[in-house]
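The structure file model37.cif is reproduced below (mmCIF, C-alpha atoms).
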```cif
data_target
loop_
_atom_site.group_PDB
_atom_site.id
_atom_site.type_symbol
_atom_site.label_atom_id
_atom_site.label_comp_id
_atom_site.auth_asym_id
_atom_site.auth_seq_id
_atom_site.Cartn_x
_atom_site.Cartn_y
_atom_site.Cartn_z
ATOM 1 C CA MET K 1 5.719 -0.040 28.836
ATOM 2 C CA ALA K 2 2.545 0.580 26.833
ATOM 3 C CA ALA K 3 -0.417 -1.690 27.607
ATOM 4 C CA TRP K 4 -0.569 -3.074 24.058
ATOM 5 C CA HIS K 5 2.969 -4.408 24.421
ATOM 6 C CA THR K 6 1.673 -7.176 26.705
ATOM 7 C CA ALA K 7 -2.150 -7.261 26.448
ATOM 8 C CA ASP K 8 -3.877 -10.153 24.680
ATOM 9 C CA LEU K 9 -4.403 -9.845 20.928
ATOM 10 C CA THR K 10 -7.769 -10.645 19.328
ATOM 11 C CA VAL K 11 -7.398 -11.725 15.695
ATOM 12 C CA ILE K 12 -10.058 -10.098 13.488
ATOM 13 C CA GLY K 13 -8.740 -10.901 10.025
ATOM 14 C CA ARG K 14 -5.871 -11.886 7.772
ATOM 15 C CA VAL K 15 -4.144 -9.999 4.958
ATOM 16 C CA THR K 16 -4.436 -12.704 2.310
ATOM 17 C CA VAL K 17 -2.225 -11.006 -0.308
ATOM 18 C CA ALA K 18 0.817 -11.034 1.994
ATOM 19 C CA SER K 19 3.488 -13.671 1.358
ATOM 20 C CA ASN K 20 3.958 -14.251 5.092
ATOM 21 C CA VAL K 21 1.167 -14.820 7.618
ATOM 22 C CA THR K 22 -0.109 -11.311 8.416
ATOM 23 C CA LEU K 23 -2.934 -10.982 10.932
ATOM 24 C CA VAL K 24 -4.972 -7.914 11.834
ATOM 25 C CA CYS K 25 -5.704 -7.767 15.550
ATOM 26 C CA ASP K 26 -7.444 -5.601 18.111
ATOM 27 C CA VAL K 27 -6.061 -5.137 21.596
ATOM 28 C CA PRO K 28 -8.964 -5.251 24.098
ATOM 29 C CA GLY K 29 -8.637 -2.852 26.998
ATOM 30 C CA THR K 30 -6.696 -0.278 24.986
ATOM 31 C CA ALA K 31 -7.892 2.713 22.994
ATOM 32 C CA GLY K 32 -6.841 3.855 19.554
ATOM 33 C CA PRO K 33 -7.150 7.398 18.163
ATOM 34 C CA ASP K 34 -10.934 7.050 17.689
ATOM 35 C CA GLY K 35 -11.551 5.475 21.092
ATOM 36 C CA SER K 36 -12.051 1.948 19.770
ATOM 37 C CA PRO K 37 -9.577 -0.806 20.708
ATOM 38 C CA LEU K 38 -6.091 -0.216 19.360
ATOM 39 C CA ARG K 39 -5.556 -2.057 16.075
ATOM 40 C CA VAL K 40 -2.274 -3.730 15.227
ATOM 41 C CA VAL K 41 -0.664 -5.999 12.652
ATOM 42 C CA TYR K 42 0.770 -9.260 13.973
ATOM 43 C CA LYS K 43 3.192 -11.423 11.970
ATOM 44 C CA PRO K 44 4.132 -14.596 13.856
ATOM 45 C CA VAL K 45 7.620 -15.944 13.245
ATOM 46 C CA ARG K 46 6.153 -19.390 12.567
ATOM 47 C CA GLY K 47 4.281 -17.913 9.573
ATOM 48 C CA GLU K 48 7.394 -16.638 7.795
ATOM 49 C CA GLN K 49 8.155 -18.202 4.409
ATOM 50 C CA PRO K 50 11.756 -19.424 3.967
ATOM 51 C CA LEU K 51 13.992 -17.269 1.750
ATOM 52 C CA TRP K 52 17.207 -18.333 0.068
ATOM 53 C CA ASP K 53 19.138 -15.201 1.077
ATOM 54 C CA PHE K 54 17.782 -14.351 4.554
ATOM 55 C CA PRO K 55 18.152 -16.687 7.554
ATOM 56 C CA ASP K 56 14.928 -18.436 8.614
ATOM 57 C CA GLY K 57 12.996 -16.897 11.473
ATOM 58 C CA THR K 58 14.668 -13.458 11.286
ATOM 59 C CA LEU K 59 12.081 -11.359 9.443
ATOM 60 C CA ALA K 60 10.147 -10.245 12.526
ATOM 61 C CA GLY K 61 13.361 -9.061 14.139
ATOM 62 C CA ARG K 62 14.312 -7.146 10.995
ATOM 63 C CA GLU K 63 10.959 -5.347 11.117
ATOM 64 C CA VAL K 64 11.678 -4.307 14.703
ATOM 65 C CA ALA K 65 15.237 -3.258 13.846
ATOM 66 C CA SER K 66 13.972 -1.146 10.940
ATOM 67 C CA TYR K 67 11.564 0.643 13.283
ATOM 68 C CA LEU K 68 14.342 1.248 15.808
ATOM 69 C CA ILE K 69 16.489 2.849 13.102
ATOM 70 C CA SER K 70 13.641 5.073 11.876
ATOM 71 C CA ASP K 71 12.963 6.072 15.475
ATOM 72 C CA ALA K 72 16.638 6.787 16.212
ATOM 73 C CA LEU K 73 16.728 9.087 13.169
ATOM 74 C CA GLY K 74 13.680 10.911 14.544
ATOM 75 C CA TRP K 75 11.781 10.373 11.294
ATOM 76 C CA GLY K 76 8.734 8.380 12.387
ATOM 77 C CA VAL K 77 8.503 6.702 8.977
ATOM 78 C CA ILE K 78 7.781 3.255 10.417
ATOM 79 C CA PRO K 79 4.900 2.785 12.886
ATOM 80 C CA GLU K 80 5.887 1.597 16.357
ATOM 81 C CA THR K 81 6.921 -2.047 16.070
ATOM 82 C CA ILE K 82 7.813 -4.541 18.788
ATOM 83 C CA LEU K 83 8.639 -8.218 19.167
ATOM 84 C CA ARG K 84 6.236 -9.998 21.535
ATOM 85 C CA ASP K 85 4.177 -13.103 22.079
ATOM 86 C CA GLY K 86 0.792 -13.540 20.402
ATOM 87 C CA PRO K 87 -1.882 -16.151 19.694
ATOM 88 C CA TYR K 88 0.496 -18.063 17.395
ATOM 89 C CA GLY K 89 3.716 -17.505 19.266
ATOM 90 C CA PRO K 90 6.368 -14.784 19.120
ATOM 91 C CA GLY K 91 6.145 -12.318 16.281
ATOM 92 C CA MET K 92 6.283 -8.759 15.091
ATOM 93 C CA VAL K 93 3.437 -6.504 16.280
ATOM 94 C CA GLN K 94 3.027 -3.061 14.708
ATOM 95 C CA ARG K 95 0.565 -0.236 15.143
ATOM 96 C CA TRP K 96 -2.050 -0.147 12.388
ATOM 97 C CA VAL K 97 -1.985 2.782 9.934
ATOM 98 C CA ASP K 98 -5.313 4.338 8.919
ATOM 99 C CA ALA K 99 -4.606 5.195 5.299
ATOM 100 C CA VAL K 100 -6.202 7.731 2.980
ATOM 101 C CA ASP K 101 -8.575 6.236 0.384
ATOM 102 C CA ASN K 102 -7.886 8.049 -2.878
ATOM 103 C CA HIS K 103 -10.453 6.048 -4.841
ATOM 104 C CA THR K 104 -13.951 7.036 -3.783
ATOM 105 C CA GLU K 105 -17.263 7.742 -5.500
ATOM 106 C CA GLN K 106 -16.533 11.465 -5.111
ATOM 107 C CA GLY K 107 -13.566 11.145 -7.436
ATOM 108 C CA ASN K 108 -10.160 9.547 -7.813
ATOM 109 C CA ARG K 109 -6.729 11.013 -7.295
ATOM 110 C CA LEU K 110 -3.348 9.439 -7.737
ATOM 111 C CA ASP K 111 -1.745 7.440 -4.965
ATOM 112 C CA LEU K 112 1.764 8.296 -3.805
ATOM 113 C CA ILE K 113 2.981 5.495 -6.104
ATOM 114 C CA ASP K 114 0.830 4.789 -9.131
ATOM 115 C CA LEU K 115 0.548 3.929 -12.824
ATOM 116 C CA VAL K 116 -0.459 6.365 -15.579
ATOM 117 C CA PRO K 117 -0.555 6.115 -19.384
ATOM 118 C CA ALA K 118 2.982 6.085 -20.769
ATOM 119 C CA GLY K 119 4.545 9.526 -20.601
ATOM 120 C CA ALA K 120 1.489 11.178 -19.018
ATOM 121 C CA VAL K 121 3.378 12.125 -15.861
ATOM 122 C CA PRO K 122 1.498 14.852 -13.957
ATOM 123 C CA ASP K 123 3.169 17.773 -12.231
ATOM 124 C CA GLY K 124 4.555 16.867 -8.855
ATOM 125 C CA PHE K 125 5.419 13.284 -9.836
ATOM 126 C CA CYS K 126 8.581 11.487 -10.953
ATOM 127 C CA GLU K 127 8.694 8.803 -13.634
ATOM 128 C CA VAL K 128 10.517 5.638 -12.612
ATOM 129 C CA LEU K 129 10.113 3.480 -15.720
ATOM 130 C CA ARG K 130 7.815 2.560 -18.604
ATOM 131 C CA ALA K 131 6.364 -0.901 -19.000
ATOM 132 C CA GLN K 132 3.203 -2.789 -19.957
ATOM 133 C CA ASP K 133 0.310 -3.410 -17.595
ATOM 134 C CA PRO K 134 -1.398 -6.858 -17.469
ATOM 135 C CA ALA K 135 -3.699 -5.790 -20.319
ATOM 136 C CA GLY K 136 -0.740 -4.928 -22.543
ATOM 137 C CA ASN K 137 -1.124 -1.150 -22.292
ATOM 138 C CA GLU K 138 1.976 1.034 -22.159
ATOM 139 C CA VAL K 139 2.190 2.691 -18.739
ATOM 140 C CA SER K 140 4.567 4.756 -16.641
ATOM 141 C CA LEU K 141 5.370 3.837 -13.055
ATOM 142 C CA ILE K 142 5.444 7.092 -11.099
ATOM 143 C CA HIS K 143 5.748 8.350 -7.558
ATOM 144 C CA ALA K 144 5.037 11.659 -5.906
ATOM 145 C CA ASP K 145 7.902 14.163 -5.710
ATOM 146 C CA ASP K 146 7.049 14.566 -2.048
ATOM 147 C CA PRO K 147 9.579 15.241 0.738
ATOM 148 C CA ARG K 148 7.707 12.833 3.042
ATOM 149 C CA LEU K 149 8.208 10.062 0.487
ATOM 150 C CA GLN K 150 11.810 11.043 -0.261
ATOM 151 C CA ARG K 151 12.609 10.710 3.435
ATOM 152 C CA MET K 152 11.322 7.127 3.162
ATOM 153 C CA ALA K 153 13.545 6.550 0.126
ATOM 154 C CA VAL K 154 16.571 7.756 2.085
ATOM 155 C CA LEU K 155 15.644 5.471 4.974
ATOM 156 C CA ASP K 156 15.463 2.578 2.513
ATOM 157 C CA ILE K 157 19.075 3.242 1.501
ATOM 158 C CA LEU K 158 20.173 2.887 5.111
ATOM 159 C CA LEU K 159 17.952 -0.162 5.644
ATOM 160 C CA ASN K 160 19.087 -1.748 2.373
ATOM 161 C CA ASN K 161 15.397 -2.446 1.752
ATOM 162 C CA ALA K 162 14.951 -5.310 -0.689
ATOM 163 C CA ASP K 163 11.183 -4.910 -1.042
ATOM 164 C CA ARG K 164 9.838 -1.334 -1.246
ATOM 165 C CA LYS K 165 6.676 -2.036 -3.219
ATOM 166 C CA GLY K 166 4.032 0.557 -4.059
ATOM 167 C CA GLY K 167 1.677 -0.861 -1.460
ATOM 168 C CA HIS K 168 4.298 -0.518 1.271
ATOM 169 C CA ALA K 169 4.086 3.292 1.325
ATOM 170 C CA LEU K 170 0.916 4.532 3.034
ATOM 171 C CA GLU K 171 -0.444 8.053 3.241
ATOM 172 C CA GLY K 172 -1.969 8.237 6.712
ATOM 173 C CA THR K 173 -5.153 10.095 7.539
ATOM 174 C CA ASP K 174 -2.983 12.113 9.951
ATOM 175 C CA GLY K 175 -1.056 13.621 7.020
ATOM 176 C CA GLU K 176 2.095 11.568 7.531
ATOM 177 C CA VAL K 177 3.583 9.013 5.139
ATOM 178 C CA TYR K 178 4.414 5.610 6.611
ATOM 179 C CA GLY K 179 6.404 2.632 5.418
ATOM 180 C CA VAL K 180 5.412 -0.942 6.274
ATOM 181 C CA ASP K 181 6.727 -4.454 5.530
ATOM 182 C CA HIS K 182 10.427 -4.313 6.396
ATOM 183 C CA GLY K 183 11.068 -8.012 6.878
ATOM 184 C CA ILE K 184 13.686 -8.279 4.152
ATOM 185 C CA CYS K 185 15.880 -5.375 5.126
ATOM 186 C CA LEU K 186 19.312 -4.935 6.685
ATOM 187 C CA HIS K 187 21.169 -7.666 4.814
ATOM 188 C CA SER K 188 24.934 -7.214 4.865
ATOM 189 C CA GLU K 189 25.081 -7.554 1.046
ATOM 190 C CA HIS K 190 23.621 -4.970 -1.340
ATOM 191 C CA LYS K 191 19.909 -5.773 -1.841
ATOM 192 C CA LEU K 192 18.226 -2.418 -2.524
ATOM 193 C CA ARG K 193 15.039 -2.972 -4.557
ATOM 194 C CA THR K 194 12.508 -0.171 -4.611
ATOM 195 C CA VAL K 195 9.935 1.649 -6.712
ATOM 196 C CA LEU K 196 11.306 4.977 -5.415
ATOM 197 C CA TRP K 197 14.038 5.530 -8.012
ATOM 198 C CA GLY K 198 12.663 8.878 -9.239
ATOM 199 C CA TRP K 199 15.262 10.869 -7.280
ATOM 200 C CA ALA K 200 18.265 8.847 -8.504
ATOM 201 C CA GLY K 201 21.275 11.116 -8.863
ATOM 202 C CA ARG K 202 19.758 13.997 -6.875
ATOM 203 C CA GLY K 203 21.337 15.352 -3.719
ATOM 204 C CA VAL K 204 19.979 14.511 -0.290
ATOM 205 C CA GLY K 205 18.689 17.558 1.603
ATOM 206 C CA LYS K 206 20.720 19.095 4.428
ATOM 207 C CA ASP K 207 17.998 18.461 7.008
ATOM 208 C CA LEU K 208 18.116 14.719 6.317
ATOM 209 C CA ILE K 209 21.915 14.686 6.285
ATOM 210 C CA ASP K 210 21.956 16.437 9.672
ATOM 211 C CA ASP K 211 19.722 13.697 11.095
ATOM 212 C CA ILE K 212 21.909 10.984 9.562
ATOM 213 C CA THR K 213 25.025 12.624 11.000
ATOM 214 C CA ALA K 214 23.531 12.475 14.500
ATOM 215 C CA PHE K 215 22.446 8.871 13.889
ATOM 216 C CA ALA K 216 25.973 7.890 12.797
ATOM 217 C CA LYS K 217 27.347 9.219 16.085
ATOM 218 C CA ALA K 218 24.776 7.323 18.164
ATOM 219 C CA LEU K 219 24.958 4.066 16.197
ATOM 220 C CA PRO K 220 28.087 2.515 17.789
ATOM 221 C CA GLY K 221 26.585 2.875 21.275
ATOM 222 C CA ARG K 222 22.943 2.803 22.310
ATOM 223 C CA VAL K 223 21.528 2.176 18.821
ATOM 224 C CA ALA K 224 23.762 -0.836 18.182
ATOM 225 C CA ASP K 225 22.870 -2.186 21.623
ATOM 226 C CA ALA K 226 19.155 -1.960 20.757
ATOM 227 C CA LEU K 227 19.714 -3.634 17.381
ATOM 228 C CA ALA K 228 21.904 -6.447 18.693
ATOM 229 C CA PRO K 229 19.020 -8.808 19.633
ATOM 230 C CA HIS K 230 17.716 -8.621 16.053
ATOM 231 C CA LEU K 231 20.791 -8.357 13.803
ATOM 232 C CA THR K 232 24.249 -9.891 13.570
ATOM 233 C CA ASP K 233 27.395 -7.867 14.206
ATOM 234 C CA THR K 234 28.130 -8.087 10.471
ATOM 235 C CA GLU K 235 24.724 -6.631 9.604
ATOM 236 C CA ILE K 236 25.135 -3.782 12.106
ATOM 237 C CA LYS K 237 28.567 -2.985 10.660
ATOM 238 C CA ALA K 238 27.079 -2.979 7.154
ATOM 239 C CA LEU K 239 24.440 -0.490 8.369
ATOM 240 C CA ALA K 240 27.223 1.719 9.730
ATOM 241 C CA ASP K 241 29.081 1.460 6.419
ATOM 242 C CA ARG K 242 25.978 2.430 4.398
ATOM 243 C CA THR K 243 25.391 5.363 6.745
ATOM 244 C CA GLN K 244 28.941 6.651 6.317
ATOM 245 C CA GLN K 245 28.822 6.149 2.553
ATOM 246 C CA LEU K 246 25.727 8.347 2.338
ATOM 247 C CA LEU K 247 27.395 11.025 4.462
ATOM 248 C CA ASP K 248 30.518 10.890 2.295
ATOM 249 C CA ASP K 249 28.465 11.118 -0.914
ATOM 250 C CA PRO K 250 25.016 12.604 -0.070
ATOM 251 C CA VAL K 251 23.399 11.709 -3.386
ATOM 252 C CA MET K 252 20.469 9.384 -4.042
ATOM 253 C CA PRO K 253 21.904 6.223 -5.625
ATOM 254 C CA VAL K 254 21.224 4.865 -9.083
ATOM 255 C CA PRO K 255 20.343 1.188 -9.613
ATOM 256 C CA ARG K 256 23.330 -1.140 -9.293
ATOM 257 C CA THR K 257 21.693 -4.450 -10.218
ATOM 258 C CA SER K 258 19.697 -5.905 -13.095
ATOM 259 C CA ARG K 259 16.669 -6.240 -10.811
ATOM 260 C CA PRO K 260 16.333 -2.903 -8.983
ATOM 261 C CA ILE K 261 12.539 -3.024 -8.585
ATOM 262 C CA PRO K 262 10.699 -5.674 -6.535
ATOM 263 C CA TRP K 263 8.202 -7.922 -8.261
ATOM 264 C CA PRO K 264 5.342 -7.431 -8.227
ATOM 265 C CA ALA K 265 5.806 -3.675 -7.940
ATOM 266 C CA PHE K 266 2.542 -3.258 -5.996
#
```
Let's see the structure in the file written out as structure tokens.
Amino acid sequence: MAAWHTADLTVIGRVTVASNVTLVCDVPGTAGPDGSPLRVVYKPVRGEQPLWDFPDGTLAGREVASYLISDALGWGVIPETILRDGPYGPGMVQRWVDAVDNHTEQGNRLDLIDLVPAGAVPDGFCEVLRAQDPAGNEVSLIHADDPRLQRMAVLDILLNNADRKGGHALEGTDGEVYGVDHGICLHSEHKLRTVLWGWAGRGVGKDLIDDITAFAKALPGRVADALAPHLTDTEIKALADRTQQLLDDPVMPVPRTSRPIPWPAF
């Protein structure tokens, strides 16, 4: 067991824009990539806001279950996430992601998910929709046509992610792309809401399908056992059904509801 799984957490700040209590912590006595104390995100169960469609007190467990699924696929999309005690009781604790800052004095470049003037979609990006920004300007919501991001979009299908906002996809300084905030995932009913609709109708690559095939074989045994403390049997069966559906029809889905994008989108 890694030291940060049990060591005390020192709260250094709070993410005030998050709907649930989200605390940034250091773990004294441990070392992160730069030698300073390992940094983590801690979301105590007691700080979760009630939702009409998800049982109270289950969001932390869903974050852990989402990580376990990403890990079982071998994709590493979600940073290591555990359920443990903290200063405000049990909660989800996840390794911090050092993200690339695309908006510096040396010049700006587009984020993985961004807004541009309507129709001005640059090469290497997919248009999701056109809308108006808060100032009333016509804009296009776009995302990078990037295999690292598409892998996240495929994971979201399996997770039935109800909240893939633009700010939940991070480009790490290590060159990887990470997904965060998976508290409202893995419902047994269809809930997919995402900003990553740019690949709708396209086929899923063979390399991803191979990984999903291996995952489907492992799911009824060791993976389901690991998920059982965090999900109901019905939710695990629904995950298995979504997995098989994607194997039977390896195509990125199109929106099925009148509200396919979370609000706000960022």
* To do: Mind listing whatever residues come within 10 Å of the point (2.4, -1.3, -7.7)? Use only C-alpha atoms, file coordinates, and give them as a PyMOL selection string.
  => chain K and resi 113-115+141-142+164-168+195+262-266
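The shortest atom-to-atom distance to Trp96 of chain K, with all atoms listed in the file taken into account, belongs to K:Pro33 out of K:Pro255, K:Gly136, K:Gly124, K:Pro33.
When the PyMOL selection byres ((chain K and resi 2) around 12) is evaluated against the file, it yields K:Met1, K:Ala3, K:Trp4, K:His5, K:Thr6, K:Ala7, K:Val27, K:Gly29, K:Thr30, K:Ala31, K:Leu38, K:Glu80, K:Thr81, K:Ile82, K:Arg95.
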* **For Tyr42 of chain K, the nearest of the candidates K:Ala18, K:Val77, K:Val93, K:Ile261, counting only C-alpha atoms** => K:Val93
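From atom CA of Gln244 of chain K back to atom CA of Pro55 of chain K, the distance works out to 25.7 Å.
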